[in-house]
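Inspection log for the structure reproduced underneath, given as structure tokens.
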Amino acid sequence: MTTRRIALLFLATLGLLISREARADLINPGEKRVDYTFELENASQFPDYVFLAHPYTTSFGAPMPELGVLGGLPLMVGKYVQPVVYAMKKSDFEASSLRKLEGAALEAFFAEGKGLISSGLTIRPEHFVPDRWPVKGMHDVARVEKLEAGVFVAKLAKVVYFMDDGKRVSVDYPADGKRPFPPGLTPTPPRDETPPTSATADPAETTPVAPAHAPSGCGGCAVRGEEGAAGFVFLLGVLAAFRARRRGGSIAS
């Protein structure tokens, strides 16, 4: 393949990748992005166990499988994953190679499930809220209800909303486990952030198509700029290919 053809293919591919990433990161009109974290608040009461979250990633692009260990600090959760909380005997955890596993090997370990006890609790992050909400972040707090004889039960206890004015508002979870809204704010349908069928799948292929128009404001301008740049790069590649074809009839391999 000639150097010219390689360059043309590179330009075209680069344009498509940039455009797709820009679309995937669009914020829907009427929404804003907020921080999301969660914790298992009484994990220290079970010193013989290690608590894990899987599937887990901090990425806001394509999910990159990571080992999520629940402990002293809250865990930030990226997009396209809904972690399940697991327990594992500390002795088994330390004897395993779990800390060293990455990617497909990490996925295979959790698929096999050796030594893992699932709580059945699924954490469902929210990264977007209505822009009229005076909220800049939310933090889910889960608790271990039972862990003995191979039985692990954990439930969501409360959600803490971090408000724009610096205050923190804590709301208890109802019995049905659905995240309560901040006091005085009316509910709206949550954005669908269902994980792709594979933890390593390209989320751009499994998520809804972004709006045709970017939202107003600086954020919208930035996204339009990225998509415009992508289109320009792609157009350059197409024009160059067309000119080369007219001059040489075809590009030699």
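Residue numbering restarts at 1 in every chain; chains get A, B, ... in the order shown in the structure tokens, and ligands count up from 1 in that same order.
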Pick out each residue of stretch 28-192 of chain A that DSSP on the backbone tags as strand (DSSP E); I need them as a PyMOL selection string.
chain A and resi 31-33+35-40+49-54+68-70+75-76+84-89+116-122+128-130+135-148+151-163+168-172
Identify, with DSSP run on backbone atoms, the residues in stretch 84-147 of chain A assigned to helix (DSSP H, G or I), and express the list as a list in words.
Lys90, Ser91, Asp92, Phe93, Glu94, Ala95, Leu98, Arg99, Lys100, Gly103, Ala104, Ala105, Leu106, Glu107, Ala108, Phe109, Phe110, Ala111 and Glu112 of chain A
Restricting the calculation to only C-alpha atoms, which member of A:Trp133, A:Val169, A:Lys158, A:Pro29 is positioned closest to A:Leu185?
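Under the stated criterion, the closest residue is A:Trp133.
Taking only C-alpha atoms into account, A:Phe110 lies nearest to A:His54 out of the set A:His54, A:Pro63, A:Ala87, A:Lys146.
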Spatial neighbours of A:Val77, 8 Å, only C-alpha atoms, chain gap at least 6 places, as a VMD selection string
chain A and resid 36 to 38 56 to 59 125
Between A:Ala95, A:Leu52, A:Val129, A:Met163, which one has atoms that come closest to A:Glu39, using only C-alpha atoms?
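Selected residue with least distance to A:Glu39: A:Leu52.
Compared by their closest atoms to A:Pro65, and using only C-alpha atoms, the residues A:Asp172, A:Lys90, A:Ala157, A:Lys79 rank with A:Lys79 nearest.
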6 Å contact set for stretch 116-123 of chain A, only C-alpha atoms, chain neighbours under 3 positions out, as a list in words:
Gln82, Pro83, Val84, Val85, Tyr86, Ala87, Met88, Gly113, Phe152, Val153 and Ala154 of chain A
Those same residues, written as a PDB file, in the first residue's frame with N, CA, C and O atoms?
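Writing done, so here's again.pdb:
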ATOM      1  N   GLN A  82     -22.712  -0.746  35.697  1.00  0.00           N
ATOM      2  CA  GLN A  82     -23.571  -0.796  36.874  1.00  0.00           C
ATOM      3  C   GLN A  82     -23.010  -1.899  37.775  1.00  0.00           C
ATOM      4  O   GLN A  82     -23.367  -3.068  37.637  1.00  0.00           O
ATOM      5  N   PRO A  83     -22.114  -1.535  38.694  1.00  0.00           N
ATOM      6  CA  PRO A  83     -21.402  -2.547  39.486  1.00  0.00           C
ATOM      7  C   PRO A  83     -22.310  -3.322  40.442  1.00  0.00           C
ATOM      8  O   PRO A  83     -23.255  -2.772  41.007  1.00  0.00           O
ATOM      9  N   VAL A  84     -21.974  -4.589  40.616  1.00  0.00           N
ATOM     10  CA  VAL A  84     -22.578  -5.420  41.643  1.00  0.00           C
ATOM     11  C   VAL A  84     -21.575  -5.506  42.795  1.00  0.00           C
ATOM     12  O   VAL A  84     -20.364  -5.581  42.568  1.00  0.00           O
ATOM     13  N   VAL A  85     -22.073  -5.491  44.035  1.00  0.00           N
ATOM     14  CA  VAL A  85     -21.198  -5.533  45.203  1.00  0.00           C
ATOM     15  C   VAL A  85     -20.964  -6.989  45.615  1.00  0.00           C
ATOM     16  O   VAL A  85     -21.914  -7.754  45.794  1.00  0.00           O
ATOM     17  N   TYR A  86     -19.683  -7.350  45.759  1.00  0.00           N
ATOM     18  CA  TYR A  86     -19.277  -8.700  46.140  1.00  0.00           C
ATOM     19  C   TYR A  86     -18.468  -8.661  47.435  1.00  0.00           C
ATOM     20  O   TYR A  86     -17.857  -7.635  47.773  1.00  0.00           O
ATOM     21  N   ALA A  87     -18.451  -9.803  48.125  1.00  0.00           N
ATOM     22  CA  ALA A  87     -17.564  -9.991  49.268  1.00  0.00           C
ATOM     23  C   ALA A  87     -16.647 -11.166  48.968  1.00  0.00           C
ATOM     24  O   ALA A  87     -17.016 -12.091  48.246  1.00  0.00           O
ATOM     25  N   MET A  88     -15.436 -11.112  49.539  1.00  0.00           N
ATOM     26  CA  MET A  88     -14.469 -12.186  49.361  1.00  0.00           C
ATOM     27  C   MET A  88     -13.655 -12.290  50.644  1.00  0.00           C
ATOM     28  O   MET A  88     -13.256 -11.250  51.202  1.00  0.00           O
ATOM     29  N   GLY A 113     -16.196 -16.731  39.292  1.00  0.00           N
ATOM     30  CA  GLY A 113     -16.819 -16.523  40.600  1.00  0.00           C
ATOM     31  C   GLY A 113     -16.186 -17.266  41.751  1.00  0.00           C
ATOM     32  O   GLY A 113     -16.779 -17.340  42.834  1.00  0.00           O
ATOM     33  N   PHE A 152     -24.598 -13.129  51.729  1.00  0.00           N
ATOM     34  CA  PHE A 152     -24.233 -11.716  51.748  1.00  0.00           C
ATOM     35  C   PHE A 152     -25.432 -10.893  51.285  1.00  0.00           C
ATOM     36  O   PHE A 152     -25.932 -11.067  50.176  1.00  0.00           O
ATOM     37  N   VAL A 153     -25.881  -9.995  52.149  1.00  0.00           N
ATOM     38  CA  VAL A 153     -26.990  -9.104  51.815  1.00  0.00           C
ATOM     39  C   VAL A 153     -26.533  -7.668  52.047  1.00  0.00           C
ATOM     40  O   VAL A 153     -26.042  -7.329  53.140  1.00  0.00           O
ATOM     41  N   ALA A 154     -26.666  -6.842  51.042  1.00  0.00           N
ATOM     42  CA  ALA A 154     -26.340  -5.416  51.152  1.00  0.00           C
ATOM     43  C   ALA A 154     -27.475  -4.613  50.535  1.00  0.00           C
ATOM     44  O   ALA A 154     -28.119  -5.056  49.564  1.00  0.00           O
TER      45      ALA A 154
END
Would you list the contacts of A:Val34 as a list in words, taking every protein, DNA or RNA residue within 6 Å and counting only C-alpha atoms, but skipping same-chain residues closer than 3 positions in sequence?
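The contact residues come out as His127, Phe128, Lys136 and Gly137 of chain A.
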Expected file: the selected residues, N, CA, C and O atoms, as a CSV table (one decimal), in the first residue's frame:
chain,number,residue,atom,x,y,z
A,127,HIS,N,-25.2,10.2,36.2
A,127,HIS,CA,-24.2,11.2,35.9
A,127,HIS,C,-24.9,12.5,35.3
A,127,HIS,O,-24.2,13.5,35.0
A,128,PHE,N,-26.2,12.5,35.1
A,128,PHE,CA,-26.9,13.6,34.5
A,128,PHE,C,-28.2,13.9,35.3
A,128,PHE,O,-28.9,12.9,35.7
A,136,LYS,N,-24.9,19.5,42.3
A,136,LYS,CA,-23.6,19.3,41.6
A,136,LYS,C,-23.0,17.9,41.7
A,136,LYS,O,-22.0,17.6,41.1
A,137,GLY,N,-23.6,17.1,42.6
A,137,GLY,CA,-23.1,15.8,42.8
A,137,GLY,C,-24.0,14.9,43.7
A,137,GLY,O,-24.9,15.5,44.4
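When atom CA of A:Asp92 is paired with atom CA of A:Phe51, their separation reads 12.0 Å.
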Pick the closest to A:Glu66 from A:Ser96, A:Lys89, A:Val50, A:Ala105: which is it, counting only C-alpha atoms?
A:Ala105
What is the atom CA of A:Val135-atom CA of A:Lys155 distance in Å, reported with one decimal?
23.9 Å
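Note that atom CA of A:Pro130 and atom CA of A:Lys32 are 6.2 Å apart.
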